[in-house]
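Colleague: My structure is below; once you've seen it, I'll send some questions.
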Amino acid sequence: MQLEKSLYESDFHAWCVDQADNLKNHKFGELDWENLREEIESLGRQWRRELISRLKILFVHLLKWELSPSDVREWQKNSWLNSIQCQQKEIPEFILENPSLKHVLNECIKKAYEDARFDASLEGRLILQDLPIDCPYSLEDALKKDWLPMDHY
């Protein structure tokens, strides 16, 4: 005999609507506490991953902008510049909307740069061993509007 799947397992959207309705109507006894706890914890991790992802994109394109060979096509550089400027605008807004992420910012920068270093070497025809092991950009500079690195390390 097969056990019936819970709403959480069979229709996540319907489960979310149901849980929101239970909260709105103070039906605390009908809440799926265990899955609610897991989902809320997951949301917190999701915002941290989002910050790391945005920082990684910024660092990849800063590295490629600064260190790629001179024969890189202009459209590639324009694409990197667009990405850099987008992240320079959006990362500070993201942190303002989620100020508790400031407490894990250094950890996020370290993880993002480790990943960015590897990706930049693959995407930008750069030699991994030639790239700095630690992030060469201060967050203050990297997030400054229209700031670009110019062979500064």
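Here, A, B, ... name the chains of the structure tokens in the order displayed, residue numbers run from 1 inside each chain, and ligands are numbered from 1 in the same displayed order.
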Would you mind listing what lies within 12 Å of Leu148 of chain A as an MDAnalysis selection string, with only C-alpha atoms counted and same-chain residues fewer than 4 positions away left out?
Modeller: chainID A and resid 58:59 61:67 77 80:85 88 137:138 140:144 152
Colleague: Report as a count of residues only all protein, DNA and RNA residues lying within 8 Å of Arg125 of chain A, evaluated on only C-alpha atoms, omitting residues in the same chain fewer than 3 positions from it.
Modeller: 5
Colleague: Go through segment 36-101 of chain A residue by residue and, counting only C-alpha atoms, keep those with an atom at most 12 Å from segment 16-20 of chain A; for each kept residue give the shortest atom pair and its distance in Å to one decimal, ordered by chain and increasing number, as JSON lines.
Modeller:
```
{"residue": "A:Leu36", "atom": "CA", "partner": "A:Gln19", "partner_atom": "CA", "distance": 8.2}
{"residue": "A:Arg37", "atom": "CA", "partner": "A:Gln19", "partner_atom": "CA", "distance": 11.8}
{"residue": "A:Glu39", "atom": "CA", "partner": "A:Cys16", "partner_atom": "CA", "distance": 9.9}
{"residue": "A:Ile40", "atom": "CA", "partner": "A:Cys16", "partner_atom": "CA", "distance": 11.6}
```
Colleague: Using only C-alpha atoms, which protein or nucleic acid residues come within 12 Å of Val104 of chain A? Drop anything in the same chain fewer than 6 positions from it, and give the result as a PyMOL selection string.
Modeller: chain A and resi 44-45+47-49+51-52+95+98+110-111
Colleague: Restricted to all heavy atoms, what would the selected residues look like written as an mmCIF file, in the first residue's frame?
Modeller:
```
data_model
loop_
_atom_site.group_PDB
_atom_site.id
_atom_site.type_symbol
_atom_site.label_atom_id
_atom_site.label_comp_id
_atom_site.auth_asym_id
_atom_site.auth_seq_id
_atom_site.Cartn_x
_atom_site.Cartn_y
_atom_site.Cartn_z
ATOM 1 N N GLY A 44 17.116 31.904 3.200
ATOM 2 C CA GLY A 44 18.291 32.616 3.684
ATOM 3 C C GLY A 44 19.543 32.210 2.923
ATOM 4 O O GLY A 44 20.360 33.060 2.546
ATOM 5 N N ARG A 45 19.698 30.923 2.681
ATOM 6 C CA ARG A 45 20.856 30.443 1.909
ATOM 7 C C ARG A 45 20.784 30.942 0.467
ATOM 8 O O ARG A 45 21.812 31.250 -0.152
ATOM 9 C CB ARG A 45 20.926 28.914 1.946
ATOM 10 C CG ARG A 45 21.343 28.353 3.295
ATOM 11 C CD ARG A 45 21.590 26.862 3.254
ATOM 12 N NE ARG A 45 20.465 26.084 2.793
ATOM 13 C CZ ARG A 45 19.483 25.616 3.565
ATOM 14 N NH1 ARG A 45 19.493 25.858 4.867
ATOM 15 N NH2 ARG A 45 18.487 24.910 3.051
ATOM 16 N N TRP A 47 19.640 33.805 -0.648
ATOM 17 C CA TRP A 47 20.087 35.196 -0.764
ATOM 18 C C TRP A 47 21.605 35.277 -0.669
ATOM 19 O O TRP A 47 22.240 36.087 -1.336
ATOM 20 C CB TRP A 47 19.422 36.079 0.290
ATOM 21 C CG TRP A 47 17.953 36.210 0.078
ATOM 22 C CD1 TRP A 47 16.976 36.015 1.007
ATOM 23 C CD2 TRP A 47 17.270 36.541 -1.139
ATOM 24 N NE1 TRP A 47 15.743 36.197 0.446
ATOM 25 C CE2 TRP A 47 15.884 36.528 -0.871
ATOM 26 C CE3 TRP A 47 17.687 36.837 -2.438
ATOM 27 C CZ2 TRP A 47 14.933 36.809 -1.843
ATOM 28 C CZ3 TRP A 47 16.731 37.103 -3.409
ATOM 29 C CH2 TRP A 47 15.380 37.093 -3.106
ATOM 30 N N ARG A 48 22.208 34.428 0.155
ATOM 31 C CA ARG A 48 23.670 34.378 0.258
ATOM 32 C C ARG A 48 24.261 33.905 -1.077
ATOM 33 O O ARG A 48 25.222 34.475 -1.580
ATOM 34 C CB ARG A 48 24.068 33.446 1.398
ATOM 35 C CG ARG A 48 25.542 33.394 1.654
ATOM 36 C CD ARG A 48 25.832 32.457 2.842
ATOM 37 N NE ARG A 48 27.238 32.277 3.010
ATOM 38 C CZ ARG A 48 27.997 31.428 2.315
ATOM 39 N NH1 ARG A 48 27.458 30.657 1.402
ATOM 40 N NH2 ARG A 48 29.288 31.335 2.524
ATOM 41 N N ARG A 49 23.668 32.850 -1.660
ATOM 42 C CA ARG A 49 24.143 32.353 -2.960
ATOM 43 C C ARG A 49 23.979 33.417 -4.045
ATOM 44 O O ARG A 49 24.820 33.534 -4.950
ATOM 45 C CB ARG A 49 23.394 31.077 -3.353
ATOM 46 C CG ARG A 49 23.867 29.843 -2.618
ATOM 47 C CD ARG A 49 23.304 28.560 -3.208
ATOM 48 N NE ARG A 49 21.855 28.522 -3.317
ATOM 49 C CZ ARG A 49 21.026 28.107 -2.361
ATOM 50 N NH1 ARG A 49 21.497 27.676 -1.217
ATOM 51 N NH2 ARG A 49 19.730 28.105 -2.561
ATOM 52 N N LEU A 51 24.166 36.671 -3.649
ATOM 53 C CA LEU A 51 25.242 37.647 -3.478
ATOM 54 C C LEU A 51 26.557 37.093 -4.026
ATOM 55 O O LEU A 51 27.275 37.784 -4.753
ATOM 56 C CB LEU A 51 25.397 38.024 -2.002
ATOM 57 C CG LEU A 51 26.535 38.991 -1.679
ATOM 58 C CD1 LEU A 51 26.397 40.301 -2.451
ATOM 59 C CD2 LEU A 51 26.594 39.247 -0.177
ATOM 60 N N ILE A 52 26.859 35.848 -3.710
ATOM 61 C CA ILE A 52 28.087 35.220 -4.225
ATOM 62 C C ILE A 52 28.063 35.203 -5.752
ATOM 63 O O ILE A 52 29.063 35.515 -6.405
ATOM 64 C CB ILE A 52 28.265 33.800 -3.645
ATOM 65 C CG1 ILE A 52 28.603 33.877 -2.152
ATOM 66 C CG2 ILE A 52 29.349 33.030 -4.408
ATOM 67 C CD1 ILE A 52 28.549 32.541 -1.432
ATOM 68 N N ILE A 95 22.517 44.497 -1.248
ATOM 69 C CA ILE A 95 22.976 44.513 0.142
ATOM 70 C C ILE A 95 22.102 45.445 0.977
ATOM 71 O O ILE A 95 21.787 45.134 2.134
ATOM 72 C CB ILE A 95 24.473 44.891 0.211
ATOM 73 C CG1 ILE A 95 25.316 43.775 -0.421
ATOM 74 C CG2 ILE A 95 24.910 45.134 1.657
ATOM 75 C CD1 ILE A 95 26.782 44.121 -0.603
ATOM 76 N N ASN A 98 19.107 43.618 1.903
ATOM 77 C CA ASN A 98 19.405 42.468 2.766
ATOM 78 C C ASN A 98 20.607 42.810 3.645
ATOM 79 O O ASN A 98 21.672 42.207 3.517
ATOM 80 C CB ASN A 98 19.716 41.233 1.902
ATOM 81 C CG ASN A 98 18.555 40.854 1.008
ATOM 82 O OD1 ASN A 98 17.618 40.233 1.459
ATOM 83 N ND2 ASN A 98 18.621 41.260 -0.253
ATOM 84 N N LYS A 110 35.354 36.021 -0.668
ATOM 85 C CA LYS A 110 36.380 34.976 -0.807
ATOM 86 C C LYS A 110 35.887 33.845 -1.716
ATOM 87 O O LYS A 110 36.572 33.441 -2.651
ATOM 88 C CB LYS A 110 36.748 34.430 0.573
ATOM 89 C CG LYS A 110 37.878 33.436 0.567
ATOM 90 C CD LYS A 110 38.217 33.025 2.000
ATOM 91 C CE LYS A 110 39.392 32.154 2.193
ATOM 92 N NZ LYS A 110 39.678 31.089 1.353
ATOM 93 N N LYS A 111 34.681 33.350 -1.473
ATOM 94 C CA LYS A 111 34.116 32.259 -2.278
ATOM 95 C C LYS A 111 33.906 32.723 -3.728
ATOM 96 O O LYS A 111 34.248 32.017 -4.675
ATOM 97 C CB LYS A 111 32.792 31.790 -1.662
ATOM 98 C CG LYS A 111 32.019 30.812 -2.508
ATOM 99 C CD LYS A 111 32.712 29.480 -2.642
ATOM 100 C CE LYS A 111 31.836 28.485 -3.373
ATOM 101 N NZ LYS A 111 32.583 27.629 -4.263
#
```
Colleague: Just the number, please: distance in Å from atom CA of Ala112 of chain A to atom CA of Gln87 of chain A, one decimal.
Modeller: 13.3 Å
Colleague: Quick one, how far is atom CA of Tyr8 of chain A from atom CA of Glu34 of chain A?
Modeller: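 Computed distance, atom CA of Tyr8 of chain A to atom CA of Glu34 of chain A, equals 10.8 Å.
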Colleague: Would you please work out which residue, of A:Pro149, A:Glu90, A:Leu7, A:Val72, is nearest to Ser53 of chain A when using only C-alpha atoms?
Modeller: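 The shortest atom-to-atom distance to Ser53 of chain A comes from A:Glu90.
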Colleague: Nearest to Gln76 of chain A among A:Leu23, A:Ser100, A:Trp147, A:Glu123, with distances taken over only C-alpha atoms: which residue is it?
Modeller: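 Distance minimum relative to Gln76 of chain A lands on A:Glu123.
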Colleague: State, in Å with one decimal place, the distance from atom CA of Glu41 of chain A to atom CA of Arg117 of chain A.
Modeller: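 Distance between the two atoms: 29.1 Å.
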